[in-house]
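Q: The following file, run25.pdb, comprises PDB, C-alpha atoms:
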```pdb
MODEL        1
ATOM      1  CA  GLN A   1      -5.511  19.900  17.854
ATOM      2  CA  LEU A   2      -2.547  19.250  20.116
ATOM      3  CA  GLN A   3      -2.295  15.568  21.042
ATOM      4  CA  LEU A   4       0.133  13.429  23.018
ATOM      5  CA  VAL A   5       0.064   9.636  23.001
ATOM      6  CA  GLU A   6       2.184   7.564  25.363
ATOM      7  CA  SER A   7       3.284   4.001  24.678
ATOM      8  CA  GLY A   8       5.794   1.458  25.913
ATOM      9  CA  GLY A   9       4.386   0.644  29.318
ATOM     10  CA  ASP A  10       4.569  -2.988  30.383
ATOM     11  CA  LEU A  11       5.058  -5.440  33.220
ATOM     12  CA  VAL A  12       8.763  -5.749  34.026
ATOM     13  CA  GLN A  13      10.797  -7.397  36.759
ATOM     14  CA  PRO A  14      12.756  -5.333  39.289
ATOM     15  CA  GLY A  15      16.057  -4.284  37.791
ATOM     16  CA  GLY A  16      14.655  -4.325  34.287
ATOM     17  CA  SER A  17      14.334  -1.550  31.715
ATOM     18  CA  LEU A  18      11.619   0.050  29.623
ATOM     19  CA  ARG A  19      11.531   2.875  27.116
ATOM     20  CA  LEU A  20       8.421   5.003  27.029
ATOM     21  CA  SER A  21       7.520   7.067  23.989
ATOM     22  CA  CYS A  22       5.406  10.195  23.760
ATOM     23  CA  ALA A  23       4.231  10.770  20.204
ATOM     24  CA  THR A  24       2.965  14.272  19.559
ATOM     25  CA  SER A  25       0.818  15.811  16.837
ATOM     26  CA  GLY A  26      -1.063  18.995  16.110
ATOM     27  CA  PHE A  27       1.779  21.317  17.070
ATOM     28  CA  THR A  28       5.448  21.978  16.333
ATOM     29  CA  LEU A  29       7.278  19.977  18.971
ATOM     30  CA  ASP A  30      10.458  22.015  18.432
ATOM     31  CA  TYR A  31       8.950  24.941  20.314
ATOM     32  CA  TYR A  32       7.786  23.111  23.425
ATOM     33  CA  ALA A  33       9.287  21.736  26.584
ATOM     34  CA  ILE A  34       7.816  18.338  27.487
ATOM     35  CA  GLY A  35       7.400  16.704  30.863
ATOM     36  CA  TRP A  36       6.923  13.144  32.050
ATOM     37  CA  PHE A  37       4.778  12.519  35.124
ATOM     38  CA  ARG A  38       3.481   9.488  36.963
ATOM     39  CA  GLN A  39       0.634   8.658  39.263
ATOM     40  CA  ALA A  40       0.456   5.592  41.479
ATOM     41  CA  PRO A  41      -2.828   4.396  43.038
ATOM     42  CA  GLY A  42      -3.810   6.594  45.958
ATOM     43  CA  LYS A  43      -1.021   9.074  45.320
ATOM     44  CA  GLU A  44      -0.808  12.480  43.718
ATOM     45  CA  ARG A  45       0.617  12.940  40.252
ATOM     46  CA  GLU A  46       4.330  13.692  40.471
ATOM     47  CA  GLY A  47       6.924  15.027  38.090
ATOM     48  CA  VAL A  48       9.460  12.497  36.845
ATOM     49  CA  SER A  49      11.489  14.309  34.215
ATOM     50  CA  CYS A  50      11.333  17.133  31.722
ATOM     51  CA  ILE A  51      13.265  18.362  28.719
ATOM     52  CA  SER A  52      13.604  21.815  27.214
ATOM     53  CA  ARG A  53      12.525  22.447  23.669
ATOM     54  CA  ASN A  54      16.031  22.100  22.253
ATOM     55  CA  GLY A  55      16.960  19.200  24.508
ATOM     56  CA  ARG A  56      19.883  21.002  26.121
ATOM     57  CA  SER A  57      18.287  21.247  29.536
ATOM     58  CA  THR A  58      16.744  18.387  31.476
ATOM     59  CA  ASP A  59      15.536  17.831  35.007
ATOM     60  CA  TYR A  60      14.773  14.725  37.040
ATOM     61  CA  ALA A  61      13.033  13.868  40.273
ATOM     62  CA  ASP A  62      15.504  12.765  42.918
ATOM     63  CA  SER A  63      13.890   9.337  42.989
ATOM     64  CA  VAL A  64      14.846   8.612  39.366
ATOM     65  CA  LYS A  65      18.161  10.444  38.964
ATOM     66  CA  GLY A  66      20.834   8.163  37.589
ATOM     67  CA  ARG A  67      18.252   5.606  36.431
ATOM     68  CA  PHE A  68      16.004   7.452  33.952
ATOM     69  CA  VAL A  69      17.048   9.383  30.859
ATOM     70  CA  ILE A  70      14.797  11.722  28.905
ATOM     71  CA  SER A  71      15.448  12.543  25.257
ATOM     72  CA  ARG A  72      13.651  13.927  22.247
ATOM     73  CA  ASP A  73      13.657  13.575  18.491
ATOM     74  CA  ASN A  74      11.919  16.637  17.127
ATOM     75  CA  ALA A  75      12.113  15.283  13.581
ATOM     76  CA  LYS A  76       9.987  12.337  14.727
ATOM     77  CA  ASN A  77       7.771  14.472  16.969
ATOM     78  CA  THR A  78       8.558  12.108  19.819
ATOM     79  CA  VAL A  79       9.928  12.360  23.339
ATOM     80  CA  TYR A  80      11.354   9.317  25.106
ATOM     81  CA  LEU A  81      11.868   8.213  28.676
ATOM     82  CA  GLN A  82      14.442   5.458  29.092
ATOM     83  CA  MET A  83      13.898   3.787  32.453
ATOM     84  CA  ASN A  84      16.619   1.537  33.846
ATOM     85  CA  SER A  85      17.095  -0.329  37.129
ATOM     86  CA  LEU A  86      13.368  -0.240  37.688
ATOM     87  CA  LYS A  87      12.028  -0.667  41.198
ATOM     88  CA  PRO A  88       8.583  -1.714  42.447
ATOM     89  CA  GLU A  89       8.033   1.860  43.621
ATOM     90  CA  ASP A  90       8.254   2.995  39.990
ATOM     91  CA  THR A  91       4.916   1.280  39.362
ATOM     92  CA  ALA A  92       2.454   3.899  38.130
ATOM     93  CA  VAL A  93       0.630   5.271  35.136
ATOM     94  CA  TYR A  94       3.073   7.464  33.237
ATOM     95  CA  TYR A  95       1.936  10.572  31.384
ATOM     96  CA  CYS A  96       3.635  13.044  29.096
ATOM     97  CA  ALA A  97       2.484  16.636  28.986
ATOM     98  CA  ALA A  98       3.010  19.911  27.179
ATOM     99  CA  PRO A  99       2.405  23.504  28.270
ATOM    100  CA  ALA A 100      -0.052  25.767  26.463
ATOM    101  CA  ILE A 101       2.650  28.365  25.797
ATOM    102  CA  PRO A 102       5.713  27.350  23.772
ATOM    103  CA  GLY A 103       9.255  28.102  24.859
ATOM    104  CA  GLY A 104      10.550  28.552  28.361
ATOM    105  CA  ARG A 105      12.285  26.166  30.673
ATOM    106  CA  CYS A 106      10.856  22.823  31.585
ATOM    107  CA  GLY A 107       9.590  22.069  35.074
ATOM    108  CA  LEU A 108       8.331  19.190  37.184
ATOM    109  CA  TYR A 109       5.141  20.799  38.481
ATOM    110  CA  PRO A 110       2.005  19.277  36.908
ATOM    111  CA  GLU A 111       0.049  22.523  37.246
ATOM    112  CA  THR A 112       2.338  24.193  34.710
ATOM    113  CA  TYR A 113       1.265  21.808  31.951
ATOM    114  CA  ASP A 114      -1.954  22.029  30.000
ATOM    115  CA  TYR A 115      -2.063  19.153  27.535
ATOM    116  CA  TRP A 116      -1.840  15.543  28.658
ATOM    117  CA  GLY A 117      -1.758  12.138  27.092
ATOM    118  CA  GLN A 118      -3.932   9.244  28.217
ATOM    119  CA  GLY A 119      -1.104   7.519  30.081
ATOM    120  CA  THR A 120       0.670   4.174  29.862
ATOM    121  CA  GLN A 121       0.860   1.635  32.691
ATOM    122  CA  VAL A 122       4.234   0.600  34.063
ATOM    123  CA  THR A 123       4.240  -2.267  36.544
ATOM    124  CA  VAL A 124       7.454  -3.416  38.219
ATOM    125  CA  SER A 125       6.957  -6.730  39.949
ATOM    126  CA  SER A 126       8.517 -10.148  40.243
TER     127      SER A 126
ENDMDL
END
```
Starting from the file, lay out its structure as structure tokens.

A:
Amino acid sequence: QLQLVESGGDLVQPGGSLRLSCATSGFTLDYYAIGWFRQAPGKEREGVSCISRNGRSTDYADSVKGRFVISRDNAKNTVYLQMNSLKPEDTAVYYCAAPAIPGGRCGLYPETYDYWGQGTQVTVSS
């Protein structure tokens, strides 16, 4: 069964950094694009970043461009989200997700993903 498990969320001061991990199992990560999403209280889930199956193509929300970096290590079945220069508005539960169909380009629309992790809380506050 396809599973995704996020980790790395924490309380961090503004300007700080965190690295989130998305550990996958039950499928061959090499064949799948992976997306990172976040949801703040009272807001809709939004796309943060995504990475194609071979890592050559990435995309970022405008709000995180230049601050966040997505990467993947298919040998470790893990996708990462390095978050730098964190701001209070980055506070949210962060999720990673995979589509039901392997291959294809990655995207930032939650409705195009079918499998989700349980989320990890990121809080940016002084």

Q: Distance cut-off 10 Å, centre (-5.8, 13.2, 25.3) in file coordinates, counting all atoms listed in the file: which residues qualify? Return them as a PyMOL selection string.

A: chain A and resi 2-6+97+115-119

Q: Write out, as a tab-separated table (two decimals), in the coordinates of the input, the residues just selected, with C-alpha atoms.

A:
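The file below, part.tsv, is the result:
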```
chain	number	residue	atom	x	y	z
A	2	LEU	CA	-2.55	19.25	20.12
A	3	GLN	CA	-2.30	15.57	21.04
A	4	LEU	CA	0.13	13.43	23.02
A	5	VAL	CA	0.06	9.64	23.00
A	6	GLU	CA	2.18	7.56	25.36
A	97	ALA	CA	2.48	16.64	28.99
A	115	TYR	CA	-2.06	19.15	27.54
A	116	TRP	CA	-1.84	15.54	28.66
A	117	GLY	CA	-1.76	12.14	27.09
A	118	GLN	CA	-3.93	9.24	28.22
A	119	GLY	CA	-1.10	7.52	30.08
```

Q: Figure out the distance between atom CA of A:Gly26 and atom CA of A:Cys106, please, to one decimal in Å.

A: 19.9 Å

Q: Name the residues that the PyMOL selection byres ((chain A and resi 58-69) around 10) picks from the file above, as a tab-separated table (two decimals) with C-alpha atoms, in the frame of the given file, using the file's chain letters and numbers.

A:
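The resulting file, selection_35.tsv, is shown below:
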```tsv
chain	number	residue	atom	x	y	z
A	17	SER	CA	14.33	-1.55	31.72
A	18	LEU	CA	11.62	0.05	29.62
A	19	ARG	CA	11.53	2.88	27.12
A	33	ALA	CA	9.29	21.74	26.58
A	34	ILE	CA	7.82	18.34	27.49
A	35	GLY	CA	7.40	16.70	30.86
A	36	TRP	CA	6.92	13.14	32.05
A	37	PHE	CA	4.78	12.52	35.12
A	46	GLU	CA	4.33	13.69	40.47
A	47	GLY	CA	6.92	15.03	38.09
A	48	VAL	CA	9.46	12.50	36.84
A	49	SER	CA	11.49	14.31	34.22
A	50	CYS	CA	11.33	17.13	31.72
A	51	ILE	CA	13.26	18.36	28.72
A	52	SER	CA	13.60	21.82	27.21
A	53	ARG	CA	12.52	22.45	23.67
A	54	ASN	CA	16.03	22.10	22.25
A	55	GLY	CA	16.96	19.20	24.51
A	56	ARG	CA	19.88	21.00	26.12
A	57	SER	CA	18.29	21.25	29.54
A	70	ILE	CA	14.80	11.72	28.90
A	71	SER	CA	15.45	12.54	25.26
A	80	TYR	CA	11.35	9.32	25.11
A	81	LEU	CA	11.87	8.21	28.68
A	82	GLN	CA	14.44	5.46	29.09
A	83	MET	CA	13.90	3.79	32.45
A	84	ASN	CA	16.62	1.54	33.85
A	85	SER	CA	17.10	-0.33	37.13
A	86	LEU	CA	13.37	-0.24	37.69
A	87	LYS	CA	12.03	-0.67	41.20
A	89	GLU	CA	8.03	1.86	43.62
A	90	ASP	CA	8.25	3.00	39.99
A	105	ARG	CA	12.28	26.17	30.67
A	106	CYS	CA	10.86	22.82	31.58
A	107	GLY	CA	9.59	22.07	35.07
A	108	LEU	CA	8.33	19.19	37.18
```

Q: Would you mind telling me which residue in A:Thr120, A:Ser7, A:Gln13, A:Ser125 lies nearest to A:Val79 when using all atoms listed in the file?

A: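 Of A:Thr120, A:Ser7, A:Gln13, A:Ser125, the one nearest A:Val79 is A:Ser7, counting all atoms listed in the file.
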
Q: Which residues are near stretch 29-32 of chain A? Cut-off 6 Å, all atoms listed in the file, ignore same chain within fewer than 2 positions. Put them as an NGL selection string.

A: :A and (27 or 53 or 74 or 77 or 102-103)

Q: Go through A:Gln121, A:Gly8, A:Ser126, A:Arg72 and flag the residue nearest A:Leu20, using all atoms listed in the file for the distances.

A: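 When distances to A:Leu20 are compared using all atoms listed in the file, the smallest one comes from A:Gly8.
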
Q: Go through A:Lys76, A:Gln1, A:Gln39, A:Glu44 one by one, measure the shortest atom-to-atom distance of each to A:Ala23 using all atoms listed in the file, and give the residue with the smallest value.

A: A:Lys76

Q: Between A:Val124, A:Arg45, A:Val93, A:Val12, which has the minimum distance to A:Pro110 (counting only C-alpha atoms)?

A: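 Under the stated criterion, the closest residue is A:Arg45.
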
Q: Nearest residue to A:Pro41 out of A:Thr123, A:Ile101, A:Cys22, A:Thr78, using all atoms listed in the file?

A: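 When distances to A:Pro41 are compared using all atoms listed in the file, the smallest one comes from A:Thr123.
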
Q: So the first atom is atom CA of A:Gly15 and the second is atom CA of A:Pro88; what is the distance between them in Å, to one decimal place?

A: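 Separation between atom CA of A:Gly15 and atom CA of A:Pro88: 9.2 Å.
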
Q: For stretch 88-114 of chain A, which lacks atoms in the input, supply N, CA, C and O atoms and format the output as an mmCIF file, in the coordinates of the input.

A:
```cif
data_model
loop_
_atom_site.group_PDB
_atom_site.id
_atom_site.type_symbol
_atom_site.label_atom_id
_atom_site.label_comp_id
_atom_site.auth_asym_id
_atom_site.auth_seq_id
_atom_site.Cartn_x
_atom_site.Cartn_y
_atom_site.Cartn_z
ATOM 1 N N PRO A 88 10.038 -1.598 42.255
ATOM 2 C CA PRO A 88 8.583 -1.714 42.447
ATOM 3 C C PRO A 88 7.915 -0.362 42.694
ATOM 4 O O PRO A 88 6.778 -0.146 42.258
ATOM 5 N N GLU A 89 8.610 0.546 43.350
ATOM 6 C CA GLU A 89 8.033 1.860 43.621
ATOM 7 C C GLU A 89 7.914 2.740 42.376
ATOM 8 O O GLU A 89 7.348 3.836 42.439
ATOM 9 N N ASP A 90 8.445 2.280 41.250
ATOM 10 C CA ASP A 90 8.254 2.995 39.990
ATOM 11 C C ASP A 90 6.922 2.639 39.342
ATOM 12 O O ASP A 90 6.543 3.232 38.330
ATOM 13 N N THR A 91 6.202 1.682 39.906
ATOM 14 C CA THR A 91 4.916 1.280 39.362
ATOM 15 C C THR A 91 3.933 2.440 39.399
ATOM 16 O O THR A 91 3.707 3.044 40.445
ATOM 17 N N ALA A 92 3.362 2.759 38.245
ATOM 18 C CA ALA A 92 2.454 3.899 38.130
ATOM 19 C C ALA A 92 1.963 3.988 36.691
ATOM 20 O O ALA A 92 2.481 3.312 35.804
ATOM 21 N N VAL A 93 0.984 4.860 36.491
ATOM 22 C CA VAL A 93 0.630 5.271 35.136
ATOM 23 C C VAL A 93 1.509 6.474 34.800
ATOM 24 O O VAL A 93 1.583 7.430 35.582
ATOM 25 N N TYR A 94 2.163 6.404 33.665
ATOM 26 C CA TYR A 94 3.073 7.464 33.237
ATOM 27 C C TYR A 94 2.413 8.303 32.145
ATOM 28 O O TYR A 94 1.843 7.755 31.194
ATOM 29 N N TYR A 95 2.533 9.613 32.303
ATOM 30 C CA TYR A 95 1.936 10.572 31.384
ATOM 31 C C TYR A 95 3.007 11.514 30.836
ATOM 32 O O TYR A 95 3.919 11.899 31.559
ATOM 33 N N CYS A 96 2.843 11.928 29.587
ATOM 34 C CA CYS A 96 3.635 13.044 29.096
ATOM 35 C C CYS A 96 2.694 14.242 28.940
ATOM 36 O O CYS A 96 1.478 14.077 28.798
ATOM 37 N N ALA A 97 3.294 15.428 28.984
ATOM 38 C CA ALA A 97 2.484 16.636 28.986
ATOM 39 C C ALA A 97 3.230 17.780 28.328
ATOM 40 O O ALA A 97 4.469 17.807 28.310
ATOM 41 N N ALA A 98 2.451 18.723 27.813
ATOM 42 C CA ALA A 98 3.010 19.911 27.179
ATOM 43 C C ALA A 98 2.310 21.153 27.735
ATOM 44 O O ALA A 98 1.127 21.100 28.078
ATOM 45 N N PRO A 99 3.028 22.265 27.812
ATOM 46 C CA PRO A 99 2.405 23.504 28.270
ATOM 47 C C PRO A 99 1.613 24.156 27.141
ATOM 48 O O PRO A 99 1.791 23.835 25.978
ATOM 49 N N ALA A 100 0.730 25.073 27.481
ATOM 50 C CA ALA A 100 -0.052 25.767 26.463
ATOM 51 C C ALA A 100 0.801 26.780 25.706
ATOM 52 O O ALA A 100 0.557 27.054 24.533
ATOM 53 N N ILE A 101 1.821 27.326 26.396
ATOM 54 C CA ILE A 101 2.650 28.365 25.797
ATOM 55 C C ILE A 101 4.001 27.770 25.416
ATOM 56 O O ILE A 101 4.679 27.176 26.263
ATOM 57 N N PRO A 102 4.419 27.912 24.176
ATOM 58 C CA PRO A 102 5.713 27.350 23.772
ATOM 59 C C PRO A 102 6.876 28.101 24.405
ATOM 60 O O PRO A 102 6.725 29.202 24.923
ATOM 61 N N GLY A 103 8.053 27.481 24.340
ATOM 62 C CA GLY A 103 9.255 28.102 24.859
ATOM 63 C C GLY A 103 9.378 27.944 26.350
ATOM 64 O O GLY A 103 8.602 27.248 26.987
ATOM 65 N N GLY A 104 10.365 28.597 26.927
ATOM 66 C CA GLY A 104 10.550 28.552 28.361
ATOM 67 C C GLY A 104 11.290 27.317 28.817
ATOM 68 O O GLY A 104 11.550 26.403 28.048
ATOM 69 N N ARG A 105 11.590 27.300 30.079
ATOM 70 C CA ARG A 105 12.285 26.166 30.673
ATOM 71 C C ARG A 105 11.287 25.102 31.083
ATOM 72 O O ARG A 105 10.132 25.382 31.330
ATOM 73 N N CYS A 106 11.758 23.879 31.166
ATOM 74 C CA CYS A 106 10.856 22.823 31.585
ATOM 75 C C CYS A 106 10.798 22.783 33.096
ATOM 76 O O CYS A 106 11.672 23.311 33.782
ATOM 77 N N GLY A 107 9.744 22.178 33.630
ATOM 78 C CA GLY A 107 9.590 22.069 35.074
ATOM 79 C C GLY A 107 8.887 20.782 35.443
ATOM 80 O O GLY A 107 8.328 20.094 34.585
ATOM 81 N N LEU A 108 8.903 20.445 36.716
ATOM 82 C CA LEU A 108 8.331 19.190 37.184
ATOM 83 C C LEU A 108 7.024 19.376 37.949
ATOM 84 O O LEU A 108 6.589 18.481 38.664
ATOM 85 N N TYR A 109 6.404 20.538 37.798
ATOM 86 C CA TYR A 109 5.141 20.799 38.481
ATOM 87 C C TYR A 109 3.988 20.563 37.530
ATOM 88 O O TYR A 109 3.865 21.254 36.509
ATOM 89 N N PRO A 110 3.099 19.604 37.831
ATOM 90 C CA PRO A 110 2.005 19.277 36.908
ATOM 91 C C PRO A 110 1.124 20.480 36.565
ATOM 92 O O PRO A 110 0.608 20.558 35.445
ATOM 93 N N GLU A 111 0.960 21.401 37.483
ATOM 94 C CA GLU A 111 0.049 22.523 37.246
ATOM 95 C C GLU A 111 0.555 23.471 36.166
ATOM 96 O O GLU A 111 -0.195 24.331 35.703
ATOM 97 N N THR A 112 1.803 23.321 35.760
ATOM 98 C CA THR A 112 2.338 24.193 34.710
ATOM 99 C C THR A 112 2.148 23.607 33.313
ATOM 100 O O THR A 112 2.579 24.198 32.337
ATOM 101 N N TYR A 113 1.510 22.444 33.232
ATOM 102 C CA TYR A 113 1.265 21.808 31.951
ATOM 103 C C TYR A 113 -0.231 21.778 31.659
ATOM 104 O O TYR A 113 -1.049 21.646 32.569
ATOM 105 N N ASP A 114 -0.557 21.874 30.391
ATOM 106 C CA ASP A 114 -1.954 22.029 30.000
ATOM 107 C C ASP A 114 -2.498 20.884 29.148
ATOM 108 O O ASP A 114 -3.702 20.647 29.149
#
```
